[in-house]
Each structure stands twice: as C-alpha cells, then as structure tokens.
file my_file-v5.cif (mmCIF, C-alpha atoms (C1' of nucleotides))
data_final
#
loop_
_atom_site.label_atom_id
_atom_site.label_comp_id
_atom_site.auth_asym_id
_atom_site.auth_seq_id
_atom_site.Cartn_x
_atom_site.Cartn_y
_atom_site.Cartn_z
CA MET A 1 -21.89 -26.51 -51.95
CA ILE A 2 -23.20 -27.28 -48.53
CA GLU A 3 -21.51 -30.12 -46.73
CA ARG A 4 -23.93 -32.53 -45.17
CA PRO A 5 -22.82 -33.53 -41.70
CA HIS A 6 -20.82 -36.65 -42.30
CA PRO A 7 -18.49 -37.50 -39.48
CA HIS A 8 -15.25 -39.27 -40.13
CA ALA A 9 -15.25 -42.82 -38.87
CA ASN A 10 -12.65 -41.54 -36.49
CA ASP A 11 -15.07 -39.26 -34.64
CA ILE A 12 -17.30 -42.20 -33.93
CA THR A 13 -14.41 -44.42 -32.93
CA GLN A 14 -13.22 -41.83 -30.47
CA LEU A 15 -16.65 -41.57 -28.94
CA ILE A 16 -16.88 -45.35 -28.65
CA LEU A 17 -13.54 -45.54 -26.88
CA ALA A 18 -14.67 -42.79 -24.52
CA VAL A 19 -17.84 -44.73 -23.75
CA PHE A 20 -15.87 -47.90 -22.98
CA ARG A 21 -13.54 -46.03 -20.71
CA LEU A 22 -16.26 -44.20 -18.81
CA ASN A 23 -18.26 -47.38 -18.45
CA GLY A 24 -15.31 -49.05 -16.78
CA ALA A 25 -14.63 -46.09 -14.53
CA LEU A 26 -18.27 -45.93 -13.43
CA ILE A 27 -18.48 -49.60 -12.52
CA GLU A 28 -15.29 -49.34 -10.55
CA ALA A 29 -16.53 -46.23 -8.75
CA GLY A 30 -19.79 -47.98 -7.94
CA ASN A 31 -17.93 -50.92 -6.50
CA ARG A 32 -15.80 -48.70 -4.29
CA LEU A 33 -18.84 -46.82 -3.16
CA GLY A 34 -20.66 -49.89 -1.90
CA ALA A 35 -17.63 -51.76 -0.61
CA PRO A 36 -17.94 -50.58 3.01
CA VAL A 37 -21.31 -52.33 3.29
CA GLY A 38 -20.36 -55.31 1.15
CA LEU A 39 -22.20 -54.20 -1.98
CA THR A 40 -21.03 -54.05 -5.58
CA SER A 41 -22.47 -52.00 -8.44
CA ALA A 42 -24.53 -54.92 -9.67
CA ARG A 43 -25.92 -55.67 -6.22
CA TRP A 44 -26.98 -52.25 -5.06
CA GLN A 45 -28.51 -51.55 -8.43
CA VAL A 46 -30.74 -54.56 -7.90
CA LEU A 47 -31.59 -53.39 -4.38
CA GLY A 48 -32.53 -50.01 -5.82
CA VAL A 49 -35.14 -51.58 -8.06
CA ILE A 50 -37.00 -53.24 -5.19
CA GLU A 51 -36.58 -50.26 -2.90
CA HIS A 52 -40.14 -49.05 -3.28
CA GLY A 53 -41.82 -52.41 -3.33
CA PRO A 54 -41.08 -56.14 -3.65
CA ALA A 55 -40.87 -57.68 -7.09
CA PRO A 56 -40.04 -61.05 -8.63
CA VAL A 57 -36.64 -61.62 -10.21
CA ALA A 58 -37.91 -61.58 -13.78
CA HIS A 59 -39.56 -58.22 -13.25
CA VAL A 60 -36.37 -56.71 -11.88
CA ALA A 61 -34.47 -58.11 -14.85
CA ARG A 62 -36.82 -56.45 -17.30
CA THR A 63 -36.54 -53.16 -15.46
CA MET A 64 -32.76 -53.30 -15.67
CA GLY A 65 -32.59 -54.61 -19.23
CA LEU A 66 -30.69 -57.73 -18.15
CA ALA A 67 -31.25 -61.43 -18.61
CA ARG A 68 -33.45 -63.07 -16.03
CA GLN A 69 -30.67 -65.45 -15.10
CA SER A 70 -28.13 -62.72 -14.38
CA VAL A 71 -30.40 -61.06 -11.86
CA GLN A 72 -31.24 -64.45 -10.38
CA GLN A 73 -27.58 -64.98 -9.53
CA THR A 74 -27.26 -61.54 -7.99
CA ALA A 75 -30.49 -62.00 -6.04
CA ASP A 76 -29.43 -65.37 -4.67
CA ALA A 77 -26.17 -63.80 -3.51
CA LEU A 78 -28.10 -60.97 -1.86
CA GLU A 79 -30.27 -63.51 -0.08
CA ARG A 80 -27.24 -65.45 1.13
CA ASP A 81 -25.90 -62.22 2.56
CA GLY A 82 -29.20 -61.45 4.23
CA LEU A 83 -29.87 -58.25 2.31
CA ILE A 84 -33.09 -59.52 0.75
CA GLU A 85 -35.48 -62.34 1.46
CA TYR A 86 -37.89 -64.17 -0.81
CA ARG A 87 -41.53 -64.05 0.20
CA PRO A 88 -44.47 -65.94 -1.27
CA ASN A 89 -46.24 -64.12 -4.08
CA PRO A 90 -50.00 -64.22 -3.63
CA HIS A 91 -50.44 -63.69 -7.38
CA HIS A 92 -47.98 -66.28 -8.65
CA ARG A 93 -46.82 -69.41 -6.91
CA ARG A 94 -43.44 -69.67 -8.64
CA ALA A 95 -42.49 -66.01 -8.80
CA LYS A 96 -41.44 -65.34 -5.23
CA LEU A 97 -41.07 -61.68 -4.28
CA MET A 98 -37.70 -60.13 -3.52
CA CYS A 99 -38.02 -58.01 -0.34
CA LEU A 100 -35.47 -55.76 1.31
CA THR A 101 -34.52 -56.90 4.81
CA PRO A 102 -33.67 -54.28 7.45
CA LYS A 103 -30.03 -55.05 6.79
CA GLY A 104 -30.60 -54.50 3.07
CA ARG A 105 -32.44 -51.27 3.75
CA GLU A 106 -29.55 -50.04 5.83
CA ALA A 107 -26.96 -50.94 3.23
CA LEU A 108 -28.98 -49.30 0.48
CA ASP A 109 -29.42 -46.13 2.54
CA TYR A 110 -25.68 -45.97 2.98
CA VAL A 111 -25.01 -46.43 -0.72
CA GLN A 112 -27.56 -43.84 -1.73
CA ALA A 113 -26.07 -41.29 0.64
CA GLN A 114 -22.62 -42.00 -0.77
CA LEU A 115 -24.00 -41.79 -4.28
CA ALA A 116 -25.50 -38.37 -3.61
CA GLU A 117 -22.14 -37.08 -2.38
CA TRP A 118 -20.39 -38.67 -5.33
CA SER A 119 -22.75 -37.09 -7.85
CA GLU A 120 -22.15 -33.77 -6.19
CA ARG A 121 -18.38 -34.15 -6.42
CA ILE A 122 -18.46 -35.37 -10.01
CA GLY A 123 -21.10 -32.98 -11.26
CA THR A 124 -20.04 -29.61 -9.93
CA GLY A 125 -18.75 -27.37 -12.65
CA LEU A 126 -20.26 -29.37 -15.50
CA ASP A 127 -22.65 -27.57 -17.78
CA PRO A 128 -26.14 -29.10 -17.46
CA GLU A 129 -26.88 -28.20 -21.07
CA GLN A 130 -23.88 -30.11 -22.32
CA LEU A 131 -24.78 -33.05 -20.11
CA ARG A 132 -28.27 -33.21 -21.55
CA ALA A 133 -27.02 -32.76 -25.10
CA ALA A 134 -24.52 -35.60 -24.67
CA THR A 135 -27.17 -37.82 -23.11
CA GLU A 136 -29.46 -37.21 -26.04
CA LEU A 137 -26.71 -37.96 -28.53
CA LEU A 138 -25.85 -41.21 -26.78
CA HIS A 139 -29.48 -42.23 -26.79
CA SER A 140 -29.75 -41.53 -30.47
CA ILE A 141 -26.63 -43.57 -31.18
CA SER A 142 -27.87 -46.42 -28.99
CA ALA A 143 -31.09 -46.42 -30.94
CA ARG A 144 -29.21 -46.54 -34.26
CA VAL A 145 -26.91 -49.32 -33.09
CA GLU A 146 -29.76 -51.38 -31.71
CA ARG A 147 -31.90 -50.89 -34.77
CA ASP A 148 -28.96 -51.77 -37.02
CA SER A 149 -28.32 -54.98 -35.07
CA HIS A 150 -31.97 -55.83 -35.24
CA ASP A 151 -32.18 -55.19 -38.99
CA GLU A 152 -29.13 -57.32 -39.69
CA GLU A 153 -30.42 -60.24 -37.74
CA ALA A 154 -33.68 -60.03 -39.63
CA SER A 155 -31.99 -60.11 -43.04
CA MET R 156 -27.53 -13.17 -10.26
CA ILE R 157 -25.63 -15.48 -12.52
CA GLU R 158 -26.20 -19.16 -11.98
CA ARG R 159 -23.06 -21.20 -11.87
CA PRO R 160 -23.44 -24.37 -13.90
CA HIS R 161 -24.55 -26.91 -11.35
CA PRO R 162 -26.30 -29.89 -12.84
CA HIS R 163 -28.94 -31.76 -10.93
CA ALA R 164 -27.87 -35.20 -9.86
CA ASN R 165 -30.51 -36.37 -12.26
CA ASP R 166 -28.69 -35.04 -15.32
CA ILE R 167 -25.66 -37.06 -14.36
CA THR R 168 -27.70 -40.14 -13.61
CA GLN R 169 -29.32 -39.94 -17.00
CA LEU R 170 -25.97 -39.67 -18.73
CA ILE R 171 -24.66 -42.65 -16.76
CA LEU R 172 -27.62 -44.76 -17.78
CA ALA R 173 -27.10 -43.73 -21.40
CA VAL R 174 -23.45 -44.77 -21.17
CA PHE R 175 -24.37 -48.18 -19.76
CA ARG R 176 -26.93 -48.73 -22.47
CA LEU R 177 -24.66 -47.69 -25.32
CA ASN R 178 -21.82 -49.77 -23.94
CA GLY R 179 -24.01 -52.83 -24.02
CA ALA R 180 -25.28 -52.10 -27.51
CA LEU R 181 -21.75 -51.61 -28.82
CA ILE R 182 -20.43 -54.87 -27.44
CA GLU R 183 -23.37 -56.71 -28.86
CA ALA R 184 -22.91 -55.07 -32.25
CA GLY R 185 -19.21 -55.96 -32.20
CA ASN R 186 -20.04 -59.56 -31.46
CA ARG R 187 -22.50 -59.77 -34.33
CA LEU R 188 -20.03 -58.14 -36.62
CA GLY R 189 -17.31 -60.71 -36.03
CA ALA R 190 -19.55 -63.74 -35.66
CA PRO R 191 -19.28 -64.87 -39.32
CA VAL R 192 -15.54 -65.43 -38.84
CA GLY R 193 -15.77 -66.70 -35.28
CA LEU R 194 -14.63 -63.50 -33.60
CA THR R 195 -16.10 -61.61 -30.68
CA SER R 196 -15.57 -57.97 -29.71
CA ALA R 197 -12.87 -58.88 -27.20
CA ARG R 198 -11.04 -61.08 -29.68
CA TRP R 199 -10.90 -58.87 -32.74
CA GLN R 200 -9.93 -55.93 -30.58
CA VAL R 201 -6.90 -57.91 -29.47
CA LEU R 202 -6.12 -58.86 -33.06
CA GLY R 203 -6.32 -55.18 -33.96
CA VAL R 204 -3.59 -54.31 -31.53
CA ILE R 205 -1.07 -56.74 -33.04
CA GLU R 206 -2.12 -55.94 -36.58
CA HIS R 207 0.91 -53.82 -37.36
CA GLY R 208 3.46 -55.87 -35.50
CA PRO R 209 3.78 -58.72 -33.00
CA ALA R 210 3.70 -57.90 -29.31
CA PRO R 211 3.75 -59.77 -26.00
CA VAL R 212 0.54 -60.23 -24.06
CA ALA R 213 1.42 -57.73 -21.34
CA HIS R 214 2.05 -55.04 -23.92
CA VAL R 215 -1.30 -55.60 -25.57
CA ALA R 216 -2.99 -55.45 -22.17
CA ARG R 217 -1.42 -52.09 -21.41
CA THR R 218 -2.46 -50.76 -24.79
CA MET R 219 -6.05 -51.80 -24.17
CA GLY R 220 -6.16 -50.73 -20.54
CA LEU R 221 -6.98 -54.26 -19.37
CA ALA R 222 -5.43 -56.61 -16.87
CA ARG R 223 -2.63 -58.75 -18.21
CA GLN R 224 -4.50 -61.90 -17.25
CA SER R 225 -7.64 -60.98 -19.17
CA VAL R 226 -5.74 -60.58 -22.41
CA GLN R 227 -3.86 -63.79 -21.69
CA GLN R 228 -7.11 -65.72 -21.72
CA THR R 229 -8.25 -64.12 -24.94
CA ALA R 230 -4.86 -64.69 -26.55
CA ASP R 231 -4.81 -68.36 -25.56
CA ALA R 232 -8.25 -68.76 -27.09
CA LEU R 233 -7.07 -67.06 -30.29
CA GLU R 234 -4.11 -69.42 -30.43
CA ARG R 235 -6.33 -72.47 -29.96
CA ASP R 236 -8.44 -71.21 -32.87
CA GLY R 237 -5.32 -70.71 -35.01
CA LEU R 238 -5.77 -66.96 -35.41
CA ILE R 239 -2.49 -66.10 -33.74
CA GLU R 240 0.64 -67.98 -32.87
CA TYR R 241 3.27 -67.37 -30.22
CA ARG R 242 6.80 -66.85 -31.49
CA PRO R 243 10.01 -66.58 -29.50
CA ASN R 244 10.94 -63.05 -28.53
CA PRO R 245 14.59 -62.33 -29.25
CA HIS R 246 14.56 -59.59 -26.60
CA HIS R 247 12.83 -61.49 -23.81
CA ARG R 248 12.78 -65.20 -23.26
CA ARG R 249 9.51 -65.32 -21.32
CA ALA R 250 7.51 -62.72 -23.23
CA LYS R 251 6.60 -64.64 -26.38
CA LEU R 252 5.28 -62.54 -29.24
CA MET R 253 1.69 -62.76 -30.41
CA CYS R 254 1.68 -62.94 -34.23
CA LEU R 255 -1.25 -62.91 -36.64
CA THR R 256 -1.51 -66.10 -38.68
CA PRO R 257 -2.83 -65.90 -42.25
CA LYS R 258 -6.15 -67.14 -40.92
CA GLY R 259 -6.09 -64.38 -38.29
CA ARG R 260 -5.20 -61.79 -40.92
CA GLU R 261 -8.11 -62.89 -43.05
CA ALA R 262 -10.57 -62.76 -40.17
CA LEU R 263 -9.35 -59.34 -39.12
CA ASP R 264 -9.64 -58.03 -42.67
CA TYR R 265 -13.22 -59.19 -42.75
CA VAL R 266 -14.06 -57.56 -39.43
CA GLN R 267 -12.43 -54.29 -40.41
CA ALA R 268 -14.37 -54.16 -43.64
CA GLN R 269 -17.58 -54.83 -41.75
CA LEU R 270 -16.63 -52.22 -39.18
CA ALA R 271 -16.13 -49.61 -41.87
CA GLU R 272 -19.57 -50.27 -43.28
CA TRP R 273 -21.04 -50.25 -39.80
CA SER R 274 -19.46 -46.90 -38.92
CA GLU R 275 -20.83 -45.51 -42.14
CA ARG R 276 -24.34 -46.70 -41.35
CA ILE R 277 -24.24 -45.51 -37.76
CA GLY R 278 -22.48 -42.23 -38.41
CA THR R 279 -24.32 -40.74 -41.33
CA GLY R 280 -26.42 -37.80 -40.33
CA LEU R 281 -24.70 -37.24 -37.01
CA ASP R 282 -23.14 -33.86 -36.45
CA PRO R 283 -19.34 -34.21 -36.14
CA GLU R 284 -19.25 -31.20 -33.85
CA GLN R 285 -21.68 -32.79 -31.43
CA LEU R 286 -19.77 -36.04 -31.58
CA ARG R 287 -16.54 -34.34 -30.67
CA ALA R 288 -18.20 -32.28 -27.95
CA ALA R 289 -19.73 -35.39 -26.39
CA THR R 290 -16.43 -37.24 -26.59
CA GLU R 291 -14.68 -34.44 -24.83
CA LEU R 292 -17.33 -34.32 -22.11
CA LEU R 293 -17.09 -38.07 -21.54
CA HIS R 294 -13.33 -37.81 -21.28
CA SER R 295 -13.61 -35.05 -18.76
CA ILE R 296 -16.08 -37.07 -16.69
CA SER R 297 -13.89 -40.17 -16.90
CA ALA R 298 -11.01 -38.12 -15.63
CA ARG R 299 -13.07 -36.80 -12.72
CA VAL R 300 -14.38 -40.24 -11.81
CA GLU R 301 -10.97 -41.82 -11.99
CA ARG R 302 -9.35 -39.06 -9.99
CA ASP R 303 -12.12 -39.24 -7.41
CA SER R 304 -11.66 -42.99 -7.03
CA HIS R 305 -7.95 -42.51 -6.73
CA ASP R 306 -8.30 -39.78 -4.12
CA GLU R 307 -10.69 -41.85 -2.01
CA GLU R 308 -8.44 -44.85 -2.01
CA ALA R 309 -5.58 -42.66 -0.87
CA SER R 310 -7.53 -41.22 2.06
"C1'" DA Q 311 29.03 -58.95 -9.90
"C1'" DT Q 312 25.40 -59.00 -7.00
"C1'" DC Q 313 20.99 -58.31 -5.37
"C1'" DA Q 314 16.54 -55.85 -5.05
"C1'" DA Q 315 12.82 -54.35 -7.81
"C1'" DC Q 316 10.12 -54.89 -11.65
"C1'" DT Q 317 8.06 -57.57 -15.56
"C1'" DT Q 318 5.98 -61.48 -17.49
"C1'" DG Q 319 3.38 -65.62 -18.09
"C1'" DA Q 320 0.88 -69.14 -15.67
"C1'" DC Q 321 -2.54 -70.75 -12.61
"C1'" DA Q 322 -6.42 -70.40 -9.30
"C1'" DG Q 323 -10.39 -68.26 -7.87
"C1'" DT Q 324 -14.28 -64.78 -8.25
"C1'" DA Q 325 -17.89 -61.53 -10.30
"C1'" DT Q 326 -20.97 -60.41 -13.78
"C1'" DC Q 327 -22.97 -60.97 -17.73
"C1'" DC Q 328 -24.70 -64.21 -21.49
"C1'" DT Q 329 -27.30 -68.52 -23.96
"C1'" DG Q 330 -29.60 -72.88 -23.75
"C1'" DT Q 331 -32.64 -76.05 -21.61
"C1'" DC Q 332 -36.03 -77.94 -18.45
"C1'" DA Q 333 -40.20 -78.34 -15.61
"C1'" DT Q 334 -43.77 -75.86 -13.59
"C1'" DA Q 335 -47.17 -72.12 -13.27
"C1'" DA Q 336 -50.18 -68.78 -15.43
"C1'" DT Q 337 -52.93 -67.16 -19.31
"C1'" DG Q 338 -55.81 -66.79 -23.34
"C1'" DG Q 339 -58.32 -68.58 -27.26
"C1'" DT Q 340 -61.44 -72.07 -28.72
"C1'" DA D 341 -62.74 -77.42 -19.98
"C1'" DC D 342 -58.89 -77.91 -22.86
"C1'" DC D 343 -54.70 -76.92 -24.85
"C1'" DA D 344 -51.04 -73.95 -26.96
"C1'" DT D 345 -48.41 -70.13 -25.61
"C1'" DT D 346 -45.97 -67.49 -22.45
"C1'" DA D 347 -43.66 -66.53 -18.00
"C1'" DT D 348 -40.81 -68.03 -14.39
"C1'" DG D 349 -37.23 -70.08 -11.66
"C1'" DA D 350 -33.53 -73.48 -11.69
"C1'" DC D 351 -29.53 -75.41 -13.46
"C1'" DA D 352 -25.53 -75.97 -16.66
"C1'" DG D 353 -22.04 -73.98 -19.25
"C1'" DG D 354 -19.40 -70.21 -21.52
"C1'" DA D 355 -17.25 -65.41 -22.24
"C1'" DT D 356 -15.00 -61.58 -20.36
"C1'" DA D 357 -13.32 -59.08 -16.95
"C1'" DC D 358 -11.02 -58.84 -12.18
"C1'" DT D 359 -7.54 -59.94 -7.99
"C1'" DG D 360 -4.00 -62.69 -5.89
"C1'" DT D 361 -0.01 -65.48 -6.14
"C1'" DC D 362 4.11 -67.78 -7.87
"C1'" DA D 363 8.31 -68.68 -10.45
"C1'" DA D 364 11.27 -67.17 -13.87
"C1'" DG D 365 13.33 -63.58 -16.74
"C1'" DT D 366 15.05 -58.73 -16.98
"C1'" DT D 367 16.91 -54.46 -15.38
"C1'" DG D 368 19.14 -51.09 -12.62
"C1'" DA D 369 21.63 -49.44 -8.58
"C1'" DT D 370 25.42 -50.20 -5.89
#
call {"tool": "encode", "arguments": {"input": "my_file-v5.cif", "output": "structure tokens"}}
result
Amino acid sequence: MIERPHPHANDITQLILAVFRLNGALIEAGNRLGAPVGLTSARWQVLGVIEHGPAPVAHVARTMGLARQSVQQTADALERDGLIEYRPNPHHRRAKLMCLTPKGREALDYVQAQLAEWSERIGTGLDPEQLRAATELLHSISARVERDSHDEEAS
Amino acid sequence: MIERPHPHANDITQLILAVFRLNGALIEAGNRLGAPVGLTSARWQVLGVIEHGPAPVAHVARTMGLARQSVQQTADALERDGLIEYRPNPHHRRAKLMCLTPKGREALDYVQAQLAEWSERIGTGLDPEQLRAATELLHSISARVERDSHDEEAS
DNA sequence: ATCAACTTGACAGTATCCTGTCATAATGGT
DNA sequence: ACCATTATGACAGGATACTGTCAAGTTGAT
C-alpha cells in the first residue's frame, strides 16, 4: 500500500511557527538596517516602490498588498521627515504623486547598499535550490490559506 | 570547477517576500477561525499557553517570544471578556496567575477543533519531507538573521 | 540581615497594520 | 449629458506589537 503524502498537523504547525519567527527577525533586521538614516522597514519599503517613478498612495498600497490607509500614514510621516514630497498629478486632481526628495534618495541609497551587504552575509552558504524550493512551497501554502479563507467567507 | 552554493540576492528576496505574504495570510486565517467565539489569533494563542496550567503574564510572554507588555494587554482584554481570570499566586504576590474560565475553555475548545480541520484542509497533499526541509531552512535563516543583528549591535 | 540585582505588573507613549466612513474626483454605461 | 459605480484621500478608532519607566516583590551574595 502506497502512503499518500499526508503530513501530520505537527509538520505544518512547525512550519507556521518558523514563519512567525523569521517574519519577526526580518522586520527587526530591516529596522536596524535603516536606523542610521531614520528609516524603518515599513518606510524604506515604501520609498523603494516610488524609486523608479512617482505614484499616488493608493497605487503604492496595491503594489505592496497593504490597505490604502496604512500606506497613507507611512507616506505622511515620510513627508514630515522630508524624504518625499507630494506633487500635483496631472491625471487626477485628488491623487497627488509621492516623489522622492534628494534627502529621500540619499536615505534609500544608503539602505539599499546596506541591504546588499546584508543579503550577502545572510545568503552565503545557503543552497539556491533549497531556497527556491522553500519559496515555492511557501507560495503554494499561501495560496491554499488564502483560497481557504476566501471559500469560508463565501459560504 | 565546482560552484560553491552562493544564491543570488534575488533568491533570498523572493523567499523573504514569500514569508511576509504567508505570515499575513496565517494571521488573517487565525482571526477568521476564532471570530465565531470572539477570539483573534493573538488571543487564542495566549489561551493556548495557559491551557494546561495557570501561569503569570511574564511567563506566557517568554513562552511566546513576545514582550511582557504585549501579553499584558492581551491578557487584560481576555479578562474583560471573561475568558480568563487572575488568581493569587501562592509563590509570588505580584505575579497573579492567568486561569482559563469555563467560558475561555469552551472558546479554546472551539478554536482547537477548527484549527484541526483547518490544518487538515491546508496540509493534505503537501509532502511532509518538503515541509520539514523548508522548516529547517527557515530556522537556519532565522538563526543567521538574529545572530547578524546581534553581532551588529555589539559592534 | 542587609542590600544589590532581577522580576513583575502597571502605565505611558509609539509604530504599523487594520476596518469603517465620508466627501470628492474620475469613469463608464445609457 | 446624466447618473451609478469606482477610486482616492482624509479622518476616526481599534488591535497588536514595541520601548521606556516606575514601584513593588523576590532572590542571591555577602
């Protein structure tokens, strides 16, 4: 009799705990990384989205998979700190464009340089195949979890 | 010439994004799961820790890897909702013990039953070997990230 | 026994995410 | 041209995490 793959609930639980833990560690690392230029994970991730061209808040939110309002808060903070500025949008009167200021550009450059070094430190010695396999597995689980949530809410 | 495993920064970035996405999906799923009995992910996870015996807030926080103060807020909310109650601790006058009330027990039972079904739905068809391999990889990355953060803060 | 160090809960403040709601701007079908 | 729908920013409020600080309880070294 051939056993169909059927993981114990425990295998999944362990993976979930590992995801929670890594998530926390990554956010903390991101905060440390941007701290010298006054950026947090949330803030430099927003800057990264408008790096190659201005965009309205709602567009950035969609790109990042966050609520419009969350990004709005972050963006307002970035404006207060002078890292971005809002400019009129020729195509939409309400949806002002978020633009990097020189100060924002400088801060983002710093973070990206730090991030490159960090990736190098973290990644050396890891097997690229395993990384890609794990990434694929996580995606497939995300898809299942999201679909399951969606199905339940429909029923 | 044998290539030493040396992942592109991109492989790591992709894994990080997958972790963020799955983390979000899991929290949302946990919230949905406990909603019928008024529990969120954060709350039933706390209940789970004191399931097999009362414990003070600080102990629960250590178990969960959270700050004492975060669990305190959750615990106070659980007490307001009548799911736990604080009892005097014979071994420590300040550190009151968090105890499940019957109402809390009932809610936790419900969540755990739901969780079992959920794990079943999510887990079927996944390869246990891959799950364990991914878990191990995530742990190893967590360890690297945490050690890296720790080293930087020391220097 | 005393005192320093640690632990604990409490309180204040902050960051980041969320939902809900509103008015205004843009869009598409009739 | 009109109107319903959708998109957007603004504002309010809540949940979950954090740090910092304080006073009180506990513990251990001397």
call {"tool": "interface_residues", "arguments": {"input": "my_file-v5.cif", "of": "chain D", "to": "chain R", "cutoff": "10 Å", "atoms": "only C-alpha atoms (C1' of nucleotides)", "output": "number ranges by chain"}}
result
D: 355-359, 364-366
call {"tool": "interface_residues", "arguments": {"input": "my_file-v5.cif", "of": "chain Q", "to": "chain A", "cutoff": "8 Å", "atoms": "all atoms listed in the file", "output": "ChimeraX atom specification"}}
result
/Q:326-328,334-336
call {"tool": "closest_residue", "arguments": {"input": "my_file-v5.cif", "among": "R:Leu172, R:Ala210, R:Cys254, R:Val192", "to": "chain A", "atoms": "all atoms listed in the file"}}
result
R:Leu172
call {"tool": "resolve_selection", "arguments": {"input": "my_file-v5.cif", "expression": "the PyMOL selection byres ((chain A) within 8 of (chain R))", "output": "ChimeraX atom specification"}}
result
/A:4-9,11-12,14-16,18-23,25-26,29,32,116,119-120,122-128,130-135,137-139,141-142,144-146,148-149
call {"tool": "residues_around", "arguments": {"input": "my_file-v5.cif", "residues": "Q:DC332", "least_positions_apart": "6", "cutoff": "12 Å", "atoms": "only C-alpha atoms (C1' of nucleotides)", "output": "list in words"}}
result
DT348, DG349, DA350, DC351 and DA352 of chain D
call {"tool": "write_last_selection", "arguments": {"input": "my_file-v5.cif", "atoms": "C-alpha atoms (C1' of nucleotides)", "output": "PDB file, keeping the file's coordinate frame"}}
result
ATOM      1  C1'  DT D 348     -40.810 -68.030 -14.390  1.00  0.00           C
ATOM      2  C1'  DG D 349     -37.230 -70.080 -11.660  1.00  0.00           C
ATOM      3  C1'  DA D 350     -33.530 -73.480 -11.690  1.00  0.00           C
ATOM      4  C1'  DC D 351     -29.530 -75.410 -13.460  1.00  0.00           C
ATOM      5  C1'  DA D 352     -25.530 -75.970 -16.660  1.00  0.00           C
TER       6       DA D 352
END
call {"tool": "atom_distance", "arguments": {"input": "my_file-v5.cif", "atom1": "atom C1' of D:DG368", "atom2": "atom C1' of Q:DA315"}}
result
8.6 Å
call {"tool": "residues_around", "arguments": {"input": "my_file-v5.cif", "residues": "Q:DG339", "least_positions_apart": "3", "cutoff": "12 Å", "atoms": "all atoms listed in the file", "output": "ChimeraX atom specification"}}
result
/D:342-345
call {"tool": "atom_distance", "arguments": {"input": "my_file-v5.cif", "atom1": "atom CA of A:Ala113", "atom2": "atom CA of A:Lys96"}}
result
29.1 Å
call {"tool": "resolve_selection", "arguments": {"input": "my_file-v5.cif", "expression": "the PyMOL selection byres ((chain R and resi 202-209) around 6)", "output": "PDB file with C-alpha atoms, in the coordinates of the input"}}
result
ATOM      1  CA  TRP R 199     -10.900 -58.870 -32.740  1.00  0.00           C
ATOM      2  CA  GLN R 200      -9.930 -55.930 -30.580  1.00  0.00           C
ATOM      3  CA  VAL R 201      -6.900 -57.910 -29.470  1.00  0.00           C
ATOM      4  CA  ALA R 210       3.700 -57.900 -29.310  1.00  0.00           C
ATOM      5  CA  LEU R 252       5.280 -62.540 -29.240  1.00  0.00           C
ATOM      6  CA  MET R 253       1.690 -62.760 -30.410  1.00  0.00           C
ATOM      7  CA  CYS R 254       1.680 -62.940 -34.230  1.00  0.00           C
TER       8      CYS R 254
END
call {"tool": "atom_distance", "arguments": {"input": "my_file-v5.cif", "atom1": "atom CA of A:Thr101", "atom2": "atom CA of A:Gly82"}}
result
7.0 Å
call {"tool": "resolve_selection", "arguments": {"input": "my_file-v5.cif", "expression": "the PyMOL selection byres ((chain D and resi 369) around 12)", "output": "PyMOL selection string"}}
result
(chain Q and resi 312-315) or (chain D and resi 367-368+370)
call {"tool": "residues_near_point", "arguments": {"input": "my_file-v5.cif", "point": "(-17.6, -59.9, -42.1)", "cutoff": "8 Å", "atoms": "all atoms listed in the file", "output": "PDB file with C-alpha atoms, in the frame of the given file"}}
result
ATOM      1  CA  LEU R 188     -20.030 -58.140 -36.620  1.00  0.00           C
ATOM      2  CA  GLY R 189     -17.310 -60.710 -36.030  1.00  0.00           C
ATOM      3  CA  ALA R 190     -19.550 -63.740 -35.660  1.00  0.00           C
ATOM      4  CA  PRO R 191     -19.280 -64.870 -39.320  1.00  0.00           C
ATOM      5  CA  VAL R 192     -15.540 -65.430 -38.840  1.00  0.00           C
ATOM      6  CA  ALA R 262     -10.570 -62.760 -40.170  1.00  0.00           C
ATOM      7  CA  TYR R 265     -13.220 -59.190 -42.750  1.00  0.00           C
ATOM      8  CA  VAL R 266     -14.060 -57.560 -39.430  1.00  0.00           C
ATOM      9  CA  GLN R 267     -12.430 -54.290 -40.410  1.00  0.00           C
ATOM     10  CA  ALA R 268     -14.370 -54.160 -43.640  1.00  0.00           C
ATOM     11  CA  GLN R 269     -17.580 -54.830 -41.750  1.00  0.00           C
TER      12      GLN R 269
END
call {"tool": "closest_residue", "arguments": {"input": "my_file-v5.cif", "among": "A:Leu39, A:Ala58, A:Leu108, A:Leu100", "to": "A:Glu79", "atoms": "all atoms listed in the file"}}
result
A:Leu100
call {"tool": "build_atoms", "arguments": {"input": "my_file-v5.cif", "residues": "stretch 241-253 of chain R", "atoms": "N, CA and C atoms", "output": "JSON list (two decimals), in the frame of the given file"}}
result
[["chain", "number", "residue", "atom", "x", "y", "z"],
["R", 241, "TYR", "N", 2.23, -67.95, -31.06],
["R", 241, "TYR", "CA", 3.27, -67.37, -30.22],
["R", 241, "TYR", "C", 4.62, -67.68, -30.86],
["R", 242, "ARG", "N", 5.44, -66.64, -30.98],
["R", 242, "ARG", "CA", 6.80, -66.85, -31.49],
["R", 242, "ARG", "C", 7.81, -66.38, -30.44],
["R", 243, "PRO", "N", 8.98, -66.97, -30.47],
["R", 243, "PRO", "CA", 10.01, -66.58, -29.50],
["R", 243, "PRO", "C", 10.34, -65.10, -29.65],
["R", 244, "ASN", "N", 10.57, -64.46, -28.54],
["R", 244, "ASN", "CA", 10.94, -63.05, -28.53],
["R", 244, "ASN", "C", 12.44, -62.93, -28.32],
["R", 245, "PRO", "N", 13.13, -62.42, -29.34],
["R", 245, "PRO", "CA", 14.59, -62.33, -29.25],
["R", 245, "PRO", "C", 15.05, -61.45, -28.08],
["R", 246, "HIS", "N", 14.15, -60.54, -27.65],
["R", 246, "HIS", "CA", 14.56, -59.59, -26.60],
["R", 246, "HIS", "C", 14.13, -60.02, -25.20],
["R", 247, "HIS", "N", 13.37, -61.11, -25.12],
["R", 247, "HIS", "CA", 12.83, -61.49, -23.81],
["R", 247, "HIS", "C", 12.38, -62.93, -23.88],
["R", 248, "ARG", "N", 13.05, -63.78, -23.11],
["R", 248, "ARG", "CA", 12.78, -65.20, -23.26],
["R", 248, "ARG", "C", 11.36, -65.58, -22.84],
["R", 249, "ARG", "N", 10.85, -64.94, -21.78],
["R", 249, "ARG", "CA", 9.51, -65.32, -21.32],
["R", 249, "ARG", "C", 8.40, -64.72, -22.18],
["R", 250, "ALA", "N", 8.59, -63.46, -22.58],
["R", 250, "ALA", "CA", 7.51, -62.72, -23.23],
["R", 250, "ALA", "C", 7.40, -63.07, -24.71],
["R", 251, "LYS", "N", 6.80, -64.23, -24.99],
["R", 251, "LYS", "CA", 6.60, -64.64, -26.38],
["R", 251, "LYS", "C", 5.78, -63.59, -27.12],
["R", 252, "LEU", "N", 5.99, -63.54, -28.43],
["R", 252, "LEU", "CA", 5.28, -62.54, -29.24],
["R", 252, "LEU", "C", 4.01, -63.11, -29.86],
["R", 253, "MET", "N", 2.93, -62.38, -29.74],
["R", 253, "MET", "CA", 1.69, -62.76, -30.41],
["R", 253, "MET", "C", 1.79, -62.32, -31.87]]
